[in-house]
file data.pdb (PDB, N, CA and C atoms, pLDDT in the B column)
ATOM      1  N   MET A  83      20.187-117.380 -12.639  1.00 71.00           N
ATOM      2  CA  MET A  83      21.571-117.001 -12.831  1.00 71.00           C
ATOM      3  C   MET A  83      22.449-118.244 -12.710  1.00 71.00           C
ATOM      4  N   ALA A  84      22.234-119.158 -13.620  1.00 80.00           N
ATOM      5  CA  ALA A  84      22.938-120.438 -13.590  1.00 80.00           C
ATOM      6  C   ALA A  84      24.440-120.281 -13.796  1.00 80.00           C
ATOM      7  N   ASP A  85      24.877-119.254 -14.516  1.00 87.00           N
ATOM      8  CA  ASP A  85      26.300-119.074 -14.799  1.00 87.00           C
ATOM      9  C   ASP A  85      27.048-118.377 -13.670  1.00 87.00           C
ATOM     10  N   LEU A  86      26.373-117.999 -12.615  1.00 89.00           N
ATOM     11  CA  LEU A  86      27.001-117.311 -11.490  1.00 89.00           C
ATOM     12  C   LEU A  86      27.810-118.318 -10.673  1.00 89.00           C
ATOM     13  N   THR A  87      29.088-118.024 -10.447  1.00 94.00           N
ATOM     14  CA  THR A  87      29.966-118.910  -9.672  1.00 94.00           C
ATOM     15  C   THR A  87      30.368-118.228  -8.374  1.00 94.00           C
ATOM     16  N   ASN A  88      30.927-118.999  -7.457  1.00 94.00           N
ATOM     17  CA  ASN A  88      31.376-118.483  -6.157  1.00 94.00           C
ATOM     18  C   ASN A  88      30.277-117.708  -5.442  1.00 94.00           C
ATOM     19  N   LYS A  89      29.066-118.262  -5.446  1.00 94.00           N
ATOM     20  CA  LYS A  89      27.922-117.578  -4.834  1.00 94.00           C
ATOM     21  C   LYS A  89      28.048-117.543  -3.318  1.00 94.00           C
ATOM     22  N   ARG A  90      27.646-116.422  -2.753  1.00 94.00           N
ATOM     23  CA  ARG A  90      27.560-116.272  -1.306  1.00 94.00           C
ATOM     24  C   ARG A  90      26.491-115.229  -0.986  1.00 94.00           C
ATOM     25  N   ARG A  91      25.825-115.409   0.131  1.00 94.00           N
ATOM     26  CA  ARG A  91      24.756-114.496   0.541  1.00 94.00           C
ATOM     27  C   ARG A  91      25.296-113.522   1.584  1.00 94.00           C
ATOM     28  N   VAL A  92      24.880-112.272   1.475  1.00 95.00           N
ATOM     29  CA  VAL A  92      25.309-111.231   2.405  1.00 95.00           C
ATOM     30  C   VAL A  92      24.064-110.554   2.972  1.00 95.00           C
ATOM     31  N   LYS A  93      23.974-110.508   4.287  1.00 95.00           N
ATOM     32  CA  LYS A  93      22.873-109.808   4.939  1.00 95.00           C
ATOM     33  C   LYS A  93      23.392-108.452   5.390  1.00 95.00           C
ATOM     34  N   LEU A  94      22.735-107.389   4.966  1.00 94.00           N
ATOM     35  CA  LEU A  94      23.180-106.040   5.300  1.00 94.00           C
ATOM     36  C   LEU A  94      22.124-105.278   6.069  1.00 94.00           C
ATOM     37  N   GLU A  95      22.579-104.377   6.907  1.00 94.00           N
ATOM     38  CA  GLU A  95      21.730-103.403   7.579  1.00 94.00           C
ATOM     39  C   GLU A  95      22.276-102.039   7.172  1.00 94.00           C
ATOM     40  N   THR A  96      21.452-101.237   6.527  1.00 95.00           N
ATOM     41  CA  THR A  96      21.877 -99.909   6.084  1.00 95.00           C
ATOM     42  C   THR A  96      21.356 -98.862   7.069  1.00 95.00           C
ATOM     43  N   PRO A  97      21.838 -97.631   6.981  1.00 95.00           N
ATOM     44  CA  PRO A  97      21.310 -96.572   7.855  1.00 95.00           C
ATOM     45  C   PRO A  97      19.817 -96.290   7.629  1.00 95.00           C
ATOM     46  N   VAL A  98      19.278 -96.729   6.492  1.00 93.00           N
ATOM     47  CA  VAL A  98      17.862 -96.485   6.211  1.00 93.00           C
ATOM     48  C   VAL A  98      17.023 -97.757   6.321  1.00 93.00           C
ATOM     49  N   GLY A  99      17.582 -98.834   6.884  1.00 94.00           N
ATOM     50  CA  GLY A  99      16.825-100.061   7.098  1.00 94.00           C
ATOM     51  C   GLY A  99      17.438-101.262   6.415  1.00 94.00           C
ATOM     52  N   GLU A 100      16.674-102.354   6.396  1.00 93.00           N
ATOM     53  CA  GLU A 100      17.130-103.592   5.756  1.00 93.00           C
ATOM     54  C   GLU A 100      16.640-103.657   4.318  1.00 93.00           C
ATOM     55  N   PRO A 101      17.475-104.167   3.402  1.00 94.00           N
ATOM     56  CA  PRO A 101      17.015-104.363   2.025  1.00 94.00           C
ATOM     57  C   PRO A 101      15.903-105.409   1.971  1.00 94.00           C
ATOM     58  N   SER A 102      15.309-105.553   0.825  1.00 93.00           N
ATOM     59  CA  SER A 102      14.191-106.481   0.666  1.00 93.00           C
ATOM     60  C   SER A 102      14.590-107.938   0.881  1.00 93.00           C
ATOM     61  N   ASP A 103      15.872-108.261   0.779  1.00 93.00           N
ATOM     62  CA  ASP A 103      16.344-109.635   1.009  1.00 93.00           C
ATOM     63  C   ASP A 103      17.863-109.612   1.123  1.00 93.00           C
ATOM     64  N   ASP A 104      18.456-110.783   1.384  1.00 94.00           N
ATOM     65  CA  ASP A 104      19.916-110.896   1.356  1.00 94.00           C
ATOM     66  C   ASP A 104      20.406-110.645  -0.066  1.00 94.00           C
ATOM     67  N   ILE A 105      21.620-110.140  -0.177  1.00 93.00           N
ATOM     68  CA  ILE A 105      22.233-109.917  -1.479  1.00 93.00           C
ATOM     69  C   ILE A 105      23.068-111.146  -1.823  1.00 93.00           C
ATOM     70  N   VAL A 106      22.913-111.645  -3.031  1.00 92.00           N
ATOM     71  CA  VAL A 106      23.701-112.779  -3.500  1.00 92.00           C
ATOM     72  C   VAL A 106      24.869-112.221  -4.304  1.00 92.00           C
ATOM     73  N   LEU A 107      26.075-112.471  -3.830  1.00 93.00           N
ATOM     74  CA  LEU A 107      27.286-112.058  -4.529  1.00 93.00           C
ATOM     75  C   LEU A 107      27.846-113.252  -5.276  1.00 93.00           C
ATOM     76  N   GLY A 108      28.479-112.992  -6.394  1.00 94.00           N
ATOM     77  CA  GLY A 108      29.107-114.061  -7.161  1.00 94.00           C
ATOM     78  C   GLY A 108      29.913-113.484  -8.301  1.00 94.00           C
ATOM     79  N   GLU A 109      30.404-114.364  -9.146  1.00 95.00           N
ATOM     80  CA  GLU A 109      31.189-113.932 -10.304  1.00 95.00           C
ATOM     81  C   GLU A 109      30.513-114.400 -11.574  1.00 95.00           C
ATOM     82  N   LEU A 110      30.501-113.517 -12.549  1.00 92.00           N
ATOM     83  CA  LEU A 110      29.928-113.796 -13.857  1.00 92.00           C
ATOM     84  C   LEU A 110      30.974-113.397 -14.890  1.00 92.00           C
ATOM     85  N   THR A 111      31.529-114.351 -15.574  1.00 92.00           N
ATOM     86  CA  THR A 111      32.622-114.155 -16.543  1.00 92.00           C
ATOM     87  C   THR A 111      33.739-113.281 -15.973  1.00 92.00           C
ATOM     88  N   GLY A 112      34.119-113.571 -14.718  1.00 92.00           N
ATOM     89  CA  GLY A 112      35.242-112.872 -14.106  1.00 92.00           C
ATOM     90  C   GLY A 112      34.913-111.549 -13.455  1.00 92.00           C
ATOM     91  N   THR A 113      33.667-111.131 -13.479  1.00 92.00           N
ATOM     92  CA  THR A 113      33.252-109.865 -12.879  1.00 92.00           C
ATOM     93  C   THR A 113      32.382-110.148 -11.659  1.00 92.00           C
ATOM     94  N   THR A 114      32.678-109.469 -10.553  1.00 92.00           N
ATOM     95  CA  THR A 114      31.859-109.629  -9.364  1.00 92.00           C
ATOM     96  C   THR A 114      30.527-108.924  -9.574  1.00 92.00           C
ATOM     97  N   VAL A 115      29.449-109.644  -9.311  1.00 92.00           N
ATOM     98  CA  VAL A 115      28.104-109.082  -9.452  1.00 92.00           C
ATOM     99  C   VAL A 115      27.317-109.358  -8.178  1.00 92.00           C
ATOM    100  N   ALA A 116      26.279-108.571  -7.979  1.00 91.00           N
ATOM    101  CA  ALA A 116      25.389-108.742  -6.831  1.00 91.00           C
ATOM    102  C   ALA A 116      23.962-108.808  -7.343  1.00 91.00           C
ATOM    103  N   PHE A 117      23.167-109.681  -6.741  1.00 90.00           N
ATOM    104  CA  PHE A 117      21.762-109.804  -7.112  1.00 90.00           C
ATOM    105  C   PHE A 117      20.918-109.584  -5.873  1.00 90.00           C
ATOM    106  N   LEU A 118      19.939-108.684  -5.993  1.00 90.00           N
ATOM    107  CA  LEU A 118      19.024-108.395  -4.894  1.00 90.00           C
ATOM    108  C   LEU A 118      17.599-108.447  -5.430  1.00 90.00           C
ATOM    109  N   PRO A 119      16.825-109.447  -5.034  1.00 88.00           N
ATOM    110  CA  PRO A 119      15.434-109.492  -5.488  1.00 88.00           C
ATOM    111  C   PRO A 119      14.632-108.379  -4.816  1.00 88.00           C
ATOM    112  N   ARG A 120      14.197-107.408  -5.589  1.00 86.00           N
ATOM    113  CA  ARG A 120      13.595-106.218  -4.989  1.00 86.00           C
ATOM    114  C   ARG A 120      12.274-106.484  -4.296  1.00 86.00           C
ATOM    115  N   HIS A 121      11.564-107.547  -4.661  1.00 85.00           N
ATOM    116  CA  HIS A 121      10.318-107.892  -3.971  1.00 85.00           C
ATOM    117  C   HIS A 121      10.548-108.955  -2.901  1.00 85.00           C
ATOM    118  N   GLY A 122      11.809-109.342  -2.693  1.00 83.00           N
ATOM    119  CA  GLY A 122      12.129-110.390  -1.734  1.00 83.00           C
ATOM    120  C   GLY A 122      12.141-111.748  -2.409  1.00 83.00           C
ATOM    121  N   GLN A 123      12.877-112.681  -1.837  1.00 82.00           N
ATOM    122  CA  GLN A 123      13.017-114.015  -2.417  1.00 82.00           C
ATOM    123  C   GLN A 123      11.664-114.703  -2.583  1.00 82.00           C
ATOM    124  N   SER A 124      10.794-114.540  -1.622  1.00 82.00           N
ATOM    125  CA  SER A 124       9.479-115.181  -1.687  1.00 82.00           C
ATOM    126  C   SER A 124       8.401-114.212  -2.170  1.00 82.00           C
ATOM    127  N   HIS A 125       8.830-113.130  -2.792  1.00 84.00           N
ATOM    128  CA  HIS A 125       7.916-112.096  -3.321  1.00 84.00           C
ATOM    129  C   HIS A 125       6.996-111.570  -2.213  1.00 84.00           C
ATOM    130  N   LYS A 126       7.620-111.206  -1.089  1.00 87.00           N
ATOM    131  CA  LYS A 126       6.846-110.788   0.076  1.00 87.00           C
ATOM    132  C   LYS A 126       6.455-109.314   0.062  1.00 87.00           C
ATOM    133  N   PHE A 127       7.036-108.520  -0.845  1.00 88.00           N
ATOM    134  CA  PHE A 127       6.721-107.095  -0.903  1.00 88.00           C
ATOM    135  C   PHE A 127       5.880-106.762  -2.128  1.00 88.00           C
ATOM    136  N   MET A 128       4.785-106.077  -1.912  1.00 88.00           N
ATOM    137  CA  MET A 128       3.999-105.529  -3.014  1.00 88.00           C
ATOM    138  C   MET A 128       4.797-104.338  -3.575  1.00 88.00           C
ATOM    139  N   PRO A 129       4.544-103.914  -4.818  1.00 87.00           N
ATOM    140  CA  PRO A 129       5.310-102.812  -5.391  1.00 87.00           C
ATOM    141  C   PRO A 129       5.352-101.547  -4.522  1.00 87.00           C
ATOM    142  N   SER A 130       4.285-101.231  -3.855  1.00 91.00           N
ATOM    143  CA  SER A 130       4.265-100.027  -3.014  1.00 91.00           C
ATOM    144  C   SER A 130       5.001-100.222  -1.687  1.00 91.00           C
ATOM    145  N   GLU A 131       5.379-101.456  -1.356  1.00 91.00           N
ATOM    146  CA  GLU A 131       6.054-101.758  -0.096  1.00 91.00           C
ATOM    147  C   GLU A 131       7.558-101.978  -0.242  1.00 91.00           C
ATOM    148  N   VAL A 132       8.061-102.055  -1.455  1.00 90.00           N
ATOM    149  CA  VAL A 132       9.477-102.346  -1.684  1.00 90.00           C
ATOM    150  C   VAL A 132      10.333-101.225  -1.071  1.00 90.00           C
ATOM    151  N   PRO A 133      11.334-101.570  -0.261  1.00 91.00           N
ATOM    152  CA  PRO A 133      12.197-100.555   0.345  1.00 91.00           C
ATOM    153  C   PRO A 133      13.251-100.049  -0.661  1.00 91.00           C
ATOM    154  N   TYR A 134      12.805 -99.219  -1.592  1.00 92.00           N
ATOM    155  CA  TYR A 134      13.661 -98.793  -2.697  1.00 92.00           C
ATOM    156  C   TYR A 134      14.927 -98.078  -2.232  1.00 92.00           C
ATOM    157  N   ARG A 135      14.799 -97.155  -1.294  1.00 94.00           N
ATOM    158  CA  ARG A 135      15.985 -96.415  -0.835  1.00 94.00           C
ATOM    159  C   ARG A 135      17.036 -97.359  -0.266  1.00 94.00           C
ATOM    160  N   THR A 136      16.591 -98.306   0.517  1.00 93.00           N
ATOM    161  CA  THR A 136      17.513 -99.272   1.107  1.00 93.00           C
ATOM    162  C   THR A 136      18.114-100.172   0.038  1.00 93.00           C
ATOM    163  N   ASN A 137      17.305-100.572  -0.930  1.00 92.00           N
ATOM    164  CA  ASN A 137      17.802-101.440  -2.006  1.00 92.00           C
ATOM    165  C   ASN A 137      18.829-100.729  -2.883  1.00 92.00           C
ATOM    166  N   ILE A 138      18.803 -99.416  -2.937  1.00 92.00           N
ATOM    167  CA  ILE A 138      19.827 -98.651  -3.663  1.00 92.00           C
ATOM    168  C   ILE A 138      21.062 -98.457  -2.782  1.00 92.00           C
ATOM    169  N   TYR A 139      20.846 -98.220  -1.502  1.00 94.00           N
ATOM    170  CA  TYR A 139      21.949 -97.965  -0.572  1.00 94.00           C
ATOM    171  C   TYR A 139      22.811 -99.212  -0.357  1.00 94.00           C
ATOM    172  N   ALA A 140      22.184-100.372  -0.247  1.00 94.00           N
ATOM    173  CA  ALA A 140      22.913-101.614   0.076  1.00 94.00           C
ATOM    174  C   ALA A 140      24.022-101.945  -0.930  1.00 94.00           C
ATOM    175  N   PRO A 141      23.770-101.917  -2.251  1.00 91.00           N
ATOM    176  CA  PRO A 141      24.873-102.198  -3.181  1.00 91.00           C
ATOM    177  C   PRO A 141      26.010-101.175  -3.082  1.00 91.00           C
ATOM    178  N   LYS A 142      25.679 -99.937  -2.753  1.00 92.00           N
ATOM    179  CA  LYS A 142      26.735 -98.933  -2.574  1.00 92.00           C
ATOM    180  C   LYS A 142      27.634 -99.299  -1.400  1.00 92.00           C
ATOM    181  N   MET A 143      27.053 -99.902  -0.361  1.00 94.00           N
ATOM    182  CA  MET A 143      27.858-100.336   0.785  1.00 94.00           C
ATOM    183  C   MET A 143      28.840-101.434   0.384  1.00 94.00           C
ATOM    184  N   LEU A 144      28.513-102.174  -0.667  1.00 92.00           N
ATOM    185  CA  LEU A 144      29.390-103.238  -1.162  1.00 92.00           C
ATOM    186  C   LEU A 144      30.316-102.746  -2.274  1.00 92.00           C
ATOM    187  N   ALA A 145      30.360-101.442  -2.487  1.00 92.00           N
ATOM    188  CA  ALA A 145      31.208-100.802  -3.501  1.00 92.00           C
ATOM    189  C   ALA A 145      30.835-101.207  -4.921  1.00 92.00           C
ATOM    190  N   MET A 146      29.568-101.544  -5.149  1.00 90.00           N
ATOM    191  CA  MET A 146      29.103-101.821  -6.511  1.00 90.00           C
ATOM    192  C   MET A 146      29.010-100.487  -7.254  1.00 90.00           C
ATOM    193  N   ARG A 147      29.458-100.477  -8.500  1.00 90.00           N
ATOM    194  CA  ARG A 147      29.499 -99.234  -9.267  1.00 90.00           C
ATOM    195  C   ARG A 147      28.249 -98.992 -10.105  1.00 90.00           C
ATOM    196  N   TYR A 148      27.566-100.065 -10.494  1.00 89.00           N
ATOM    197  CA  TYR A 148      26.406 -99.936 -11.370  1.00 89.00           C
ATOM    198  C   TYR A 148      25.239-100.740 -10.816  1.00 89.00           C
ATOM    199  N   ILE A 149      24.049-100.246 -11.063  1.00 87.00           N
ATOM    200  CA  ILE A 149      22.831-100.983 -10.725  1.00 87.00           C
ATOM    201  C   ILE A 149      22.069-101.195 -12.017  1.00 87.00           C
ATOM    202  N   ILE A 150      21.751-102.445 -12.298  1.00 85.00           N
ATOM    203  CA  ILE A 150      20.995-102.787 -13.498  1.00 85.00           C
ATOM    204  C   ILE A 150      19.678-103.395 -13.050  1.00 85.00           C
ATOM    205  N   LEU A 151      18.600-102.839 -13.522  1.00 82.00           N
ATOM    206  CA  LEU A 151      17.281-103.327 -13.171  1.00 82.00           C
ATOM    207  C   LEU A 151      16.824-104.328 -14.213  1.00 82.00           C
ATOM    208  N   VAL A 152      16.415-105.496 -13.749  1.00 78.00           N
ATOM    209  CA  VAL A 152      15.888-106.517 -14.649  1.00 78.00           C
ATOM    210  C   VAL A 152      14.408-106.662 -14.319  1.00 78.00           C
ATOM    211  N   ARG A 153      13.582-106.538 -15.327  1.00 74.00           N
ATOM    212  CA  ARG A 153      12.136-106.634 -15.122  1.00 74.00           C
ATOM    213  C   ARG A 153      11.622-107.885 -15.827  1.00 74.00           C
ATOM    214  N   TYR A 154      10.881-108.660 -15.091  1.00 69.00           N
ATOM    215  CA  TYR A 154      10.261-109.849 -15.659  1.00 69.00           C
ATOM    216  C   TYR A 154       8.792-109.549 -15.894  1.00 69.00           C
ATOM    217  N   GLY A 155       8.252-110.121 -16.907  1.00 66.00           N
ATOM    218  CA  GLY A 155       6.838-109.920 -17.163  1.00 66.00           C
ATOM    219  C   GLY A 155       6.467-110.459 -18.532  1.00 66.00           C
ATOM    220  N   LEU A 156       5.260-110.209 -18.910  1.00 60.00           N
ATOM    221  CA  LEU A 156       4.776-110.666 -20.200  1.00 60.00           C
ATOM    222  C   LEU A 156       5.275-109.767 -21.311  1.00 60.00           C
ATOM    223  N   ALA A 157       5.675-110.350 -22.395  1.00 60.00           N
ATOM    224  CA  ALA A 157       6.116-109.577 -23.557  1.00 60.00           C
ATOM    225  C   ALA A 157       4.900-109.056 -24.308  1.00 60.00           C
ATOM    226  N   ALA A 158       5.054-107.897 -24.906  1.00 61.00           N
ATOM    227  CA  ALA A 158       3.964-107.327 -25.706  1.00 61.00           C
ATOM    228  C   ALA A 158       3.768-108.178 -26.957  1.00 61.00           C
ATOM    229  N   THR A 159       2.541-108.341 -27.343  1.00 57.00           N
ATOM    230  CA  THR A 159       2.260-109.143 -28.545  1.00 57.00           C
ATOM    231  C   THR A 159       1.727-108.277 -29.660  1.00 57.00           C
TER     232      THR A 159
END

call {"tool": "encode", "arguments": {"input": "data.pdb", "output": "structure tokens"}}
result
Amino acid sequence: MADLTNKRRVKLETPVGEPSDDIVLGELTGTTVAFLPRHGQSHKFMPSEVPYRTNIYAPKMLAMRYIILVRYGLAAT
């Protein structure tokens, strides 16, 4: 996210636990956005271990209106 400006990290504790990592807040073309690596910054969570409920709850605590999932992987050939 090279175009993200005014970056800052936020550590949250939700009623259902801690998210998979700190949330990175910043601005992208004038819009405040939040990035949360669902497997953790160092990829410490296996898919079955990701705290999904907490990862959904945390952005709501920051008044984020939308959640967009970005998936990385190999493209189909």

call {"tool": "select_by_dssp", "arguments": {"input": "data.pdb", "residues": "stretch 100-134 of chain A", "states": "helix (DSSP H, G or I)", "output": "JSON, numbers by chain"}}
result
{"A": [129, 130, 131, 134]}

call {"tool": "resolve_selection", "arguments": {"input": "data.pdb", "expression": "the PyMOL selection byres ((chain A and resi 93-109) around 7)", "output": "VMD selection string"}}
result
chain A and resid 85 to 92 110 to 123 132 to 133 135 to 137 139 to 140

call {"tool": "write_last_selection", "arguments": {"input": "data.pdb", "atoms": "N, CA and C atoms", "output": "mmCIF file, in the coordinates of the input"}}
result
data_model
loop_
_atom_site.group_PDB
_atom_site.id
_atom_site.type_symbol
_atom_site.label_atom_id
_atom_site.label_comp_id
_atom_site.auth_asym_id
_atom_site.auth_seq_id
_atom_site.Cartn_x
_atom_site.Cartn_y
_atom_site.Cartn_z
ATOM 1 N N ASP A 85 24.877 -119.254 -14.516
ATOM 2 C CA ASP A 85 26.300 -119.074 -14.799
ATOM 3 C C ASP A 85 27.048 -118.377 -13.670
ATOM 4 N N LEU A 86 26.373 -117.999 -12.615
ATOM 5 C CA LEU A 86 27.001 -117.311 -11.490
ATOM 6 C C LEU A 86 27.810 -118.318 -10.673
ATOM 7 N N THR A 87 29.088 -118.024 -10.447
ATOM 8 C CA THR A 87 29.966 -118.910 -9.672
ATOM 9 C C THR A 87 30.368 -118.228 -8.374
ATOM 10 N N ASN A 88 30.927 -118.999 -7.457
ATOM 11 C CA ASN A 88 31.376 -118.483 -6.157
ATOM 12 C C ASN A 88 30.277 -117.708 -5.442
ATOM 13 N N LYS A 89 29.066 -118.262 -5.446
ATOM 14 C CA LYS A 89 27.922 -117.578 -4.834
ATOM 15 C C LYS A 89 28.048 -117.543 -3.318
ATOM 16 N N ARG A 90 27.646 -116.422 -2.753
ATOM 17 C CA ARG A 90 27.560 -116.272 -1.306
ATOM 18 C C ARG A 90 26.491 -115.229 -0.986
ATOM 19 N N ARG A 91 25.825 -115.409 0.131
ATOM 20 C CA ARG A 91 24.756 -114.496 0.541
ATOM 21 C C ARG A 91 25.296 -113.522 1.584
ATOM 22 N N VAL A 92 24.880 -112.272 1.475
ATOM 23 C CA VAL A 92 25.309 -111.231 2.405
ATOM 24 C C VAL A 92 24.064 -110.554 2.972
ATOM 25 N N LEU A 110 30.501 -113.517 -12.549
ATOM 26 C CA LEU A 110 29.928 -113.796 -13.857
ATOM 27 C C LEU A 110 30.974 -113.397 -14.890
ATOM 28 N N THR A 111 31.529 -114.351 -15.574
ATOM 29 C CA THR A 111 32.622 -114.155 -16.543
ATOM 30 C C THR A 111 33.739 -113.281 -15.973
ATOM 31 N N GLY A 112 34.119 -113.571 -14.718
ATOM 32 C CA GLY A 112 35.242 -112.872 -14.106
ATOM 33 C C GLY A 112 34.913 -111.549 -13.455
ATOM 34 N N THR A 113 33.667 -111.131 -13.479
ATOM 35 C CA THR A 113 33.252 -109.865 -12.879
ATOM 36 C C THR A 113 32.382 -110.148 -11.659
ATOM 37 N N THR A 114 32.678 -109.469 -10.553
ATOM 38 C CA THR A 114 31.859 -109.629 -9.364
ATOM 39 C C THR A 114 30.527 -108.924 -9.574
ATOM 40 N N VAL A 115 29.449 -109.644 -9.311
ATOM 41 C CA VAL A 115 28.104 -109.082 -9.452
ATOM 42 C C VAL A 115 27.317 -109.358 -8.178
ATOM 43 N N ALA A 116 26.279 -108.571 -7.979
ATOM 44 C CA ALA A 116 25.389 -108.742 -6.831
ATOM 45 C C ALA A 116 23.962 -108.808 -7.343
ATOM 46 N N PHE A 117 23.167 -109.681 -6.741
ATOM 47 C CA PHE A 117 21.762 -109.804 -7.112
ATOM 48 C C PHE A 117 20.918 -109.584 -5.873
ATOM 49 N N LEU A 118 19.939 -108.684 -5.993
ATOM 50 C CA LEU A 118 19.024 -108.395 -4.894
ATOM 51 C C LEU A 118 17.599 -108.447 -5.430
ATOM 52 N N PRO A 119 16.825 -109.447 -5.034
ATOM 53 C CA PRO A 119 15.434 -109.492 -5.488
ATOM 54 C C PRO A 119 14.632 -108.379 -4.816
ATOM 55 N N ARG A 120 14.197 -107.408 -5.589
ATOM 56 C CA ARG A 120 13.595 -106.218 -4.989
ATOM 57 C C ARG A 120 12.274 -106.484 -4.296
ATOM 58 N N HIS A 121 11.564 -107.547 -4.661
ATOM 59 C CA HIS A 121 10.318 -107.892 -3.971
ATOM 60 C C HIS A 121 10.548 -108.955 -2.901
ATOM 61 N N GLY A 122 11.809 -109.342 -2.693
ATOM 62 C CA GLY A 122 12.129 -110.390 -1.734
ATOM 63 C C GLY A 122 12.141 -111.748 -2.409
ATOM 64 N N GLN A 123 12.877 -112.681 -1.837
ATOM 65 C CA GLN A 123 13.017 -114.015 -2.417
ATOM 66 C C GLN A 123 11.664 -114.703 -2.583
ATOM 67 N N VAL A 132 8.061 -102.055 -1.455
ATOM 68 C CA VAL A 132 9.477 -102.346 -1.684
ATOM 69 C C VAL A 132 10.333 -101.225 -1.071
ATOM 70 N N PRO A 133 11.334 -101.570 -0.261
ATOM 71 C CA PRO A 133 12.197 -100.555 0.345
ATOM 72 C C PRO A 133 13.251 -100.049 -0.661
ATOM 73 N N ARG A 135 14.799 -97.155 -1.294
ATOM 74 C CA ARG A 135 15.985 -96.415 -0.835
ATOM 75 C C ARG A 135 17.036 -97.359 -0.266
ATOM 76 N N THR A 136 16.591 -98.306 0.517
ATOM 77 C CA THR A 136 17.513 -99.272 1.107
ATOM 78 C C THR A 136 18.114 -100.172 0.038
ATOM 79 N N ASN A 137 17.305 -100.572 -0.930
ATOM 80 C CA ASN A 137 17.802 -101.440 -2.006
ATOM 81 C C ASN A 137 18.829 -100.729 -2.883
ATOM 82 N N TYR A 139 20.846 -98.220 -1.502
ATOM 83 C CA TYR A 139 21.949 -97.965 -0.572
ATOM 84 C C TYR A 139 22.811 -99.212 -0.357
ATOM 85 N N ALA A 140 22.184 -100.372 -0.247
ATOM 86 C CA ALA A 140 22.913 -101.614 0.076
ATOM 87 C C ALA A 140 24.022 -101.945 -0.930
#

call {"tool": "select_by_dssp", "arguments": {"input": "data.pdb", "residues": "chain A", "states": "strand (DSSP E or B)", "output": "ChimeraX atom specification"}}
result
/A:87-92,96,99,105-110,113-117

call {"tool": "atom_distance", "arguments": {"input": "data.pdb", "atom1": "atom N of A:Ile149", "atom2": "atom N of A:Met83"}}
result
17.6 Å

call {"tool": "atom_distance", "arguments": {"input": "data.pdb", "atom1": "atom CA of A:Ala84", "atom2": "atom CA of A:Pro141"}}
result
21.1 Å

call {"tool": "atom_distance", "arguments": {"input": "data.pdb", "atom1": "atom C of A:Tyr134", "atom2": "atom C of A:Ile150"}}
result
13.0 Å

call {"tool": "decode", "arguments": {"input": "data.pdb", "residues": "stretch 114-125 of chain A", "atoms": "N, CA and C atoms", "output": "compact mmCIF listing (two decimals), in the first residue's frame"}}
result
# COMPACT_ATOMS: atom_id res chain seq x y z
N THR A 114 -10.20 7.82 4.48
CA THR A 114 -9.57 7.06 5.55
C THR A 114 -9.83 5.58 5.33
N VAL A 115 -8.76 4.80 5.37
CA VAL A 115 -8.86 3.35 5.20
C VAL A 115 -8.12 2.66 6.34
N ALA A 116 -8.47 1.41 6.56
CA ALA A 116 -7.81 0.59 7.58
C ALA A 116 -7.37 -0.71 6.93
N PHE A 117 -6.19 -1.18 7.31
CA PHE A 117 -5.69 -2.45 6.80
C PHE A 117 -5.39 -3.36 7.97
N LEU A 118 -5.92 -4.58 7.91
CA LEU A 118 -5.69 -5.57 8.95
C LEU A 118 -5.27 -6.88 8.28
N PRO A 119 -4.02 -7.28 8.44
CA PRO A 119 -3.61 -8.56 7.86
C PRO A 119 -4.25 -9.71 8.62
N ARG A 120 -5.15 -10.42 7.98
CA ARG A 120 -5.95 -11.41 8.70
C ARG A 120 -5.14 -12.59 9.22
N HIS A 121 -3.99 -12.88 8.62
CA HIS A 121 -3.14 -13.96 9.13
C HIS A 121 -2.03 -13.42 10.03
N GLY A 122 -2.05 -12.11 10.29
CA GLY A 122 -1.01 -11.48 11.10
C GLY A 122 0.13 -10.99 10.21
N GLN A 123 0.85 -10.00 10.69
CA GLN A 123 1.94 -9.40 9.92
C GLN A 123 2.99 -10.43 9.52
N SER A 124 3.30 -11.34 10.41
CA SER A 124 4.31 -12.35 10.12
C SER A 124 3.68 -13.68 9.71
N HIS A 125 2.42 -13.62 9.31
CA HIS A 125 1.67 -14.81 8.87
C HIS A 125 1.68 -15.89 9.96
